[in-house]
>>> print(open('target19.pdb').read())   # PDB, C-alpha atoms
ATOM      1  CA  MET D   1      46.285 -26.943  -1.651
ATOM      2  CA  ALA D   2      42.586 -26.411  -0.876
ATOM      3  CA  ASN D   3      42.999 -22.903  -2.279
ATOM      4  CA  ALA D   4      44.562 -24.309  -5.436
ATOM      5  CA  LEU D   5      41.694 -26.752  -5.926
ATOM      6  CA  ILE D   6      38.974 -24.166  -5.397
ATOM      7  CA  HIS D   7      40.508 -21.725  -7.845
ATOM      8  CA  GLN D   8      41.816 -24.026 -10.574
ATOM      9  CA  ASP D   9      40.350 -24.058 -14.053
ATOM     10  CA  PHE D  10      38.975 -27.580 -14.546
ATOM     11  CA  GLU D  11      38.360 -26.847 -18.222
ATOM     12  CA  LEU D  12      42.101 -26.973 -18.903
ATOM     13  CA  THR D  13      42.867 -30.618 -19.561
ATOM     14  CA  GLY D  14      46.141 -32.312 -18.741
ATOM     15  CA  THR D  15      47.046 -29.897 -15.972
ATOM     16  CA  SER D  16      46.682 -29.996 -12.213
ATOM     17  CA  PRO D  17      47.930 -28.023  -9.214
ATOM     18  CA  MET D  18      51.630 -28.539  -8.626
ATOM     19  CA  VAL D  19      53.954 -27.822  -5.697
ATOM     20  CA  GLU D  20      57.676 -27.443  -6.349
ATOM     21  CA  VAL D  21      60.097 -27.125  -3.445
ATOM     22  CA  TYR D  22      63.441 -25.386  -3.966
ATOM     23  CA  ALA D  23      66.198 -24.486  -1.518
ATOM     24  CA  ASP D  24      65.029 -20.861  -1.221
ATOM     25  CA  ARG D  25      61.317 -20.999  -2.114
ATOM     26  CA  VAL D  26      58.189 -23.036  -2.678
ATOM     27  CA  GLU D  27      56.193 -22.552  -5.885
ATOM     28  CA  ILE D  28      52.546 -23.545  -6.060
ATOM     29  CA  SER D  29      51.132 -23.458  -9.562
ATOM     30  CA  ASN D  30      47.514 -23.777 -10.470
ATOM     31  CA  PRO D  31      45.865 -24.304 -13.867
ATOM     32  CA  GLY D  32      44.043 -21.271 -15.211
ATOM     33  CA  GLU D  33      44.516 -17.559 -15.093
ATOM     34  CA  PRO D  34      42.967 -15.939 -12.017
ATOM     35  CA  ILE D  35      39.492 -14.410 -12.084
ATOM     36  CA  VAL D  36      40.588 -11.929  -9.401
ATOM     37  CA  PRO D  37      43.544  -9.674 -10.347
ATOM     38  CA  VAL D  38      46.704 -10.720  -8.478
ATOM     39  CA  ASP D  39      47.010  -7.303  -6.830
ATOM     40  CA  ARG D  40      43.605  -7.969  -5.210
ATOM     41  CA  PHE D  41      44.319 -11.520  -3.959
ATOM     42  CA  ILE D  42      44.604 -10.296  -0.364
ATOM     43  CA  ASP D  43      41.267  -8.515  -0.137
ATOM     44  CA  GLY D  44      39.340 -10.219  -2.931
ATOM     45  CA  TYR D  45      37.259 -13.312  -2.589
ATOM     46  CA  GLN D  46      35.731 -15.178  -5.451
ATOM     47  CA  SER D  47      36.096 -18.867  -6.157
ATOM     48  CA  ARG D  48      36.176 -20.186  -9.692
ATOM     49  CA  ASN D  49      34.488 -23.362  -8.430
ATOM     50  CA  GLU D  50      31.830 -22.192  -5.968
ATOM     51  CA  ARG D  51      30.174 -25.598  -5.610
ATOM     52  CA  LEU D  52      33.483 -27.274  -4.754
ATOM     53  CA  ALA D  53      34.313 -24.415  -2.386
ATOM     54  CA  ASP D  54      30.945 -24.846  -0.653
ATOM     55  CA  LEU D  55      31.524 -28.586  -0.240
ATOM     56  CA  MET D  56      35.046 -28.016   1.123
ATOM     57  CA  ARG D  57      33.675 -25.422   3.562
ATOM     58  CA  ARG D  58      31.132 -27.959   4.845
ATOM     59  CA  PHE D  59      33.914 -30.495   5.449
ATOM     60  CA  GLY D  60      35.949 -27.852   7.291
ATOM     61  CA  ILE D  61      38.771 -27.886   4.724
ATOM     62  CA  CYS D  62      38.438 -24.221   3.847
ATOM     63  CA  GLU D  63      36.394 -21.250   4.995
ATOM     64  CA  GLU D  64      33.762 -18.953   3.604
ATOM     65  CA  LYS D  65      35.762 -15.773   4.082
ATOM     66  CA  SER D  66      38.557 -16.548   1.620
ATOM     67  CA  SER D  67      41.329 -15.454   3.932
ATOM     68  CA  GLY D  68      43.934 -18.005   2.795
ATOM     69  CA  ILE D  69      46.145 -15.441   1.075
ATOM     70  CA  ASP D  70      45.686 -13.034   3.992
ATOM     71  CA  ARG D  71      47.048 -15.721   6.302
ATOM     72  CA  VAL D  72      50.009 -16.395   4.024
ATOM     73  CA  ILE D  73      50.854 -12.667   4.001
ATOM     74  CA  GLU D  74      50.413 -12.448   7.790
ATOM     75  CA  ALA D  75      52.717 -15.444   8.301
ATOM     76  CA  ALA D  76      55.354 -13.955   5.980
ATOM     77  CA  GLU D  77      55.187 -10.713   7.958
ATOM     78  CA  PHE D  78      55.322 -12.458  11.334
ATOM     79  CA  LEU D  79      58.364 -14.466  10.233
ATOM     80  CA  GLN D  80      59.815 -11.393   8.448
ATOM     81  CA  LEU D  81      60.122 -13.294   5.178
ATOM     82  CA  PRO D  82      60.144 -11.682   1.751
ATOM     83  CA  ALA D  83      56.639 -11.014   0.486
ATOM     84  CA  PRO D  84      55.093 -13.824  -1.543
ATOM     85  CA  ASP D  85      54.906 -13.233  -5.270
ATOM     86  CA  PHE D  86      51.862 -14.046  -7.384
ATOM     87  CA  LEU D  87      52.481 -14.510 -11.094
ATOM     88  CA  VAL D  88      50.157 -15.024 -14.027
ATOM     89  CA  GLU D  89      51.654 -17.162 -16.753
ATOM     90  CA  HIS D  90      50.097 -18.713 -19.831
ATOM     91  CA  GLN D  91      47.048 -20.631 -18.537
ATOM     92  CA  ARG D  92      48.385 -20.843 -14.994
ATOM     93  CA  THR D  93      48.793 -18.890 -11.791
ATOM     94  CA  VAL D  94      51.893 -19.310  -9.642
ATOM     95  CA  ALA D  95      52.328 -18.393  -5.978
ATOM     96  CA  VAL D  96      55.959 -18.142  -4.876
ATOM     97  CA  ILE D  97      56.615 -18.357  -1.134
ATOM     98  CA  TYR D  98      60.186 -17.346  -0.296
ATOM     99  CA  GLY D  99      62.420 -18.583   2.477
ATOM    100  CA  ALA D 100      64.237 -16.367   4.934
ATOM    101  CA  LYS D 101      66.214 -13.486   3.467
ATOM    102  CA  ASP D 102      67.772 -10.613   5.364
ATOM    103  CA  PHE D 103      66.354  -7.163   4.603
ATOM    104  CA  LYS D 104      69.745  -6.080   3.241
ATOM    105  CA  LEU D 105      69.603  -8.879   0.648
ATOM    106  CA  MET D 106      66.087  -8.073  -0.558
ATOM    107  CA  ASP D 107      66.012  -6.164  -3.808
ATOM    108  CA  ARG D 108      63.871  -3.130  -4.521
ATOM    109  CA  SER D 109      60.994  -5.146  -6.001
ATOM    110  CA  ASP D 110      60.935  -7.461  -2.933
ATOM    111  CA  ARG D 111      60.700  -4.457  -0.615
ATOM    112  CA  VAL D 112      58.055  -2.618  -2.636
ATOM    113  CA  ARG D 113      55.949  -5.781  -3.008
ATOM    114  CA  ALA D 114      56.150  -6.269   0.775
ATOM    115  CA  CYS D 115      55.128  -2.634   1.285
ATOM    116  CA  TYR D 116      52.070  -3.026  -0.950
ATOM    117  CA  GLN D 117      51.032  -6.322   0.622
ATOM    118  CA  HIS D 118      51.499  -4.891   4.114
ATOM    119  CA  CYS D 119      49.381  -1.883   3.194
ATOM    120  CA  VAL D 120      46.579  -4.094   1.828
ATOM    121  CA  LEU D 121      46.736  -6.409   4.829
ATOM    122  CA  GLN D 122      46.439  -3.409   7.148
ATOM    123  CA  TRP D 123      43.432  -2.264   5.092
ATOM    124  CA  VAL D 124      41.779  -5.689   5.386
ATOM    125  CA  LEU D 125      42.389  -5.600   9.158
ATOM    126  CA  ARG D 126      40.796  -2.104   9.289
ATOM    127  CA  ARG D 127      44.104  -0.435  10.113
ATOM    128  CA  LYS D 128      46.374   1.926   8.219
ATOM    129  CA  MET D 129      49.985   1.412   7.205
ATOM    130  CA  THR D 130      52.543   3.797   8.656
ATOM    131  CA  ASN D 131      56.310   4.056   8.549
ATOM    132  CA  GLN D 132      56.339   2.366  11.951
ATOM    133  CA  THR D 133      54.148  -0.592  10.940
ATOM    134  CA  LEU D 134      56.260  -1.205   7.841
ATOM    135  CA  ARG D 135      59.458  -0.955   9.886
ATOM    136  CA  GLU D 136      58.041  -3.547  12.271
ATOM    137  CA  ARG D 137      57.045  -5.742   9.312
ATOM    138  CA  PHE D 138      60.688  -5.796   8.219
ATOM    139  CA  GLY D 139      61.986  -6.110  11.803
ATOM    140  CA  LEU D 140      63.951  -2.871  11.588
ATOM    141  CA  SER D 141      64.746  -0.306  14.269
ATOM    142  CA  GLU D 142      63.616   3.321  14.383
ATOM    143  CA  ARG D 143      66.986   4.293  12.906
ATOM    144  CA  SER D 144      65.800   2.723   9.630
ATOM    145  CA  GLY D 145      62.904   5.145   9.246
ATOM    146  CA  SER D 146      64.447   6.934   6.257
ATOM    147  CA  ARG D 147      65.007   3.645   4.389
ATOM    148  CA  ILE D 148      61.378   2.730   5.010
ATOM    149  CA  SER D 149      60.279   6.191   3.840
ATOM    150  CA  GLN D 150      62.137   5.587   0.574
ATOM    151  CA  ILE D 151      60.287   2.293   0.025
ATOM    152  CA  ILE D 152      56.958   3.999   0.759
ATOM    153  CA  SER D 153      57.814   6.836  -1.649
ATOM    154  CA  ILE D 154      58.588   4.354  -4.432
ATOM    155  CA  ALA D 155      55.286   2.544  -3.815
ATOM    156  CA  VAL D 156      53.425   5.873  -3.941
ATOM    157  CA  GLU D 157      55.259   6.846  -7.162
ATOM    158  CA  GLN D 158      54.318   3.476  -8.695
ATOM    159  CA  GLY D 159      50.695   4.236  -7.875
ATOM    160  CA  ILE D 160      50.101   1.116  -5.785
ATOM    161  CA  ILE D 161      49.535   2.910  -2.461
ATOM    162  CA  LYS D 162      48.486   6.446  -1.597
ATOM    163  CA  ASN D 163      48.377   8.811   1.359
ATOM    164  CA  ASP D 164      45.352   8.334   3.574
ATOM    165  CA  PRO D 165      43.275  11.472   2.937
ATOM    166  CA  GLY D 166      42.010  11.313   6.543
ATOM    167  CA  ALA D 167      45.505  11.494   8.038
ATOM    168  CA  PRO D 168      47.011  14.711   9.433
ATOM    169  CA  ASP D 169      49.069  16.810   7.009
ATOM    170  CA  SER D 170      52.312  15.752   8.622
ATOM    171  CA  ARG D 171      54.983  13.495   7.230
ATOM    172  CA  LYS D 172      55.588  12.198  10.754
ATOM    173  CA  TYR D 173      51.983  11.038  11.132
ATOM    174  CA  ALA D 174      51.417   9.959   7.540
ATOM    175  CA  ARG D 175      49.235   6.920   6.956
ATOM    176  CA  TYR D 176      48.841   4.970   3.734
ATOM    177  CA  ILE D 177      46.108   2.946   2.064
ATOM    178  CA  PRO D 178      45.984   0.885  -1.144
ATOM    179  CA  ALA D 179      45.638   3.037  -4.266
ATOM    180  CA  TRP D 180      42.332   1.360  -5.154
ATOM    181  CA  ALA D 181      40.765   2.106  -1.736
TER     182      ALA D 181
END
>>> encode(input="target19.pdb", output="structure tokens")
Amino acid sequence: MANALIHQDFELTGTSPMVEVYADRVEISNPGEPIVPVDRFIDGYQSRNERLADLMRRFGICEEKSSGIDRVIEAAEFLQLPAPDFLVEHQRTVAVIYGAKDFKLMDRSDRVRACYQHCVLQWVLRRKMTNQTLRERFGLSERSGSRISQIISIAVEQGIIKNDPGAPDSRKYARYIPAWA
């Protein structure tokens, strides 16, 4: 909620942050379209309301680093949940946090979104994504390496991640970084 307050657009009247709880997800909506593109929520940090953010930091409610989304992504990975989804709607931003869902039940967009977010999180942590790290993110065994390779290939084709140019020229030792890196 602190994140929602810091980033909401106070110029929009008649709206406020809202939390909706459903059986399979929680949706947190916030007035205003984001000033940071949603695909950069994990590594970006810029508050719409810097003075409020500063005050909340002083009270220990939030932190300077803007790692709230990073922590949400890390928690989703640790619990092997579907990747959160961040949506921009008319004059509002919505974060959707999903409940448990088996890998087999995740659709292609869920898997690719998780791949991208995992890759960005690895980048923020000064690591590189590999087939193995993504397999571990999904809680899959080594036997699932080809399925993970397919997800990575789709993400590369979509232009959201790319091969790490510093990695060896070997598919086995391939590493990946966000496309914007």
>>> resolve_selection(input="target19.pdb", expression="the PyMOL selection byres ((chain D and resi 156-160) around 10)", output="PyMOL selection string")
chain D and resi 39+112-113+115-117+119-120+150-155+161-163+176-180
>>> write_last_selection(input="target19.pdb", atoms="C-alpha atoms", output="short mmCIF file (atom, residue, chain, number, x, y, z; two decimals), keeping the file's coordinate frame")
data_model
loop_
_atom_site.label_atom_id
_atom_site.label_comp_id
_atom_site.auth_asym_id
_atom_site.auth_seq_id
_atom_site.Cartn_x
_atom_site.Cartn_y
_atom_site.Cartn_z
CA ASP D 39 47.01 -7.30 -6.83
CA VAL D 112 58.06 -2.62 -2.64
CA ARG D 113 55.95 -5.78 -3.01
CA CYS D 115 55.13 -2.63 1.28
CA TYR D 116 52.07 -3.03 -0.95
CA GLN D 117 51.03 -6.32 0.62
CA CYS D 119 49.38 -1.88 3.19
CA VAL D 120 46.58 -4.09 1.83
CA GLN D 150 62.14 5.59 0.57
CA ILE D 151 60.29 2.29 0.02
CA ILE D 152 56.96 4.00 0.76
CA SER D 153 57.81 6.84 -1.65
CA ILE D 154 58.59 4.35 -4.43
CA ALA D 155 55.29 2.54 -3.82
CA ILE D 161 49.54 2.91 -2.46
CA LYS D 162 48.49 6.45 -1.60
CA ASN D 163 48.38 8.81 1.36
CA TYR D 176 48.84 4.97 3.73
CA ILE D 177 46.11 2.95 2.06
CA PRO D 178 45.98 0.88 -1.14
CA ALA D 179 45.64 3.04 -4.27
CA TRP D 180 42.33 1.36 -5.15
#
>>> resolve_selection(input="target19.pdb", expression="the PyMOL selection byres ((chain D and resi 81-95) around 7)", output="list of chain:residue names")
D:Glu27, D:Ile28, D:Ser29, D:Asn30, D:Pro31, D:Gly32, D:Glu33, D:Pro34, D:Val38, D:Ile73, D:Ala76, D:Glu77, D:Leu79, D:Gln80, D:Val96, D:Ile97, D:Tyr98, D:Gly99, D:Ala100, D:Lys101, D:Asp110, D:Arg113, D:Ala114
>>> atom_distance(input="target19.pdb", atom1="CA of Arg127 (chain D)", atom2="CA of Val36 (chain D)")
22.9 Å
>>> atom_distance(input="target19.pdb", atom1="CA of Ala75 (chain D)", atom2="CA of Leu125 (chain D)")
14.3 Å
>>> closest_residue(input="target19.pdb", among="D:Pro165, D:Ala181, D:Phe78, D:Asp24", to="Leu134 (chain D)", atoms="all atoms listed in the file")
D:Phe78
>>> atom_distance(input="target19.pdb", atom1="CA of Phe138 (chain D)", atom2="CA of Leu105 (chain D)")
12.1 Å
>>> residues_around(input="target19.pdb", residues="Arg147 (chain D)", least_positions_apart="6", cutoff="10 Å", atoms="only C-alpha atoms", output="CSV table (one decimal) with C-alpha atoms, in the coordinates of the input")
chain,number,residue,atom,x,y,z
D,131,ASN,CA,56.3,4.1,8.5
D,135,ARG,CA,59.5,-1.0,9.9
D,140,LEU,CA,64.0,-2.9,11.6
D,153,SER,CA,57.8,6.8,-1.6
>>> axis_aligned_box(input="target19.pdb", around="region 33-43 of chain D", padding_each_side="6 Å", output="JSON")
{"center_x": 43.3, "center_y": -12.4, "center_z": -7.6, "size_x": 19.5, "size_y": 22.3, "size_z": 27.0}
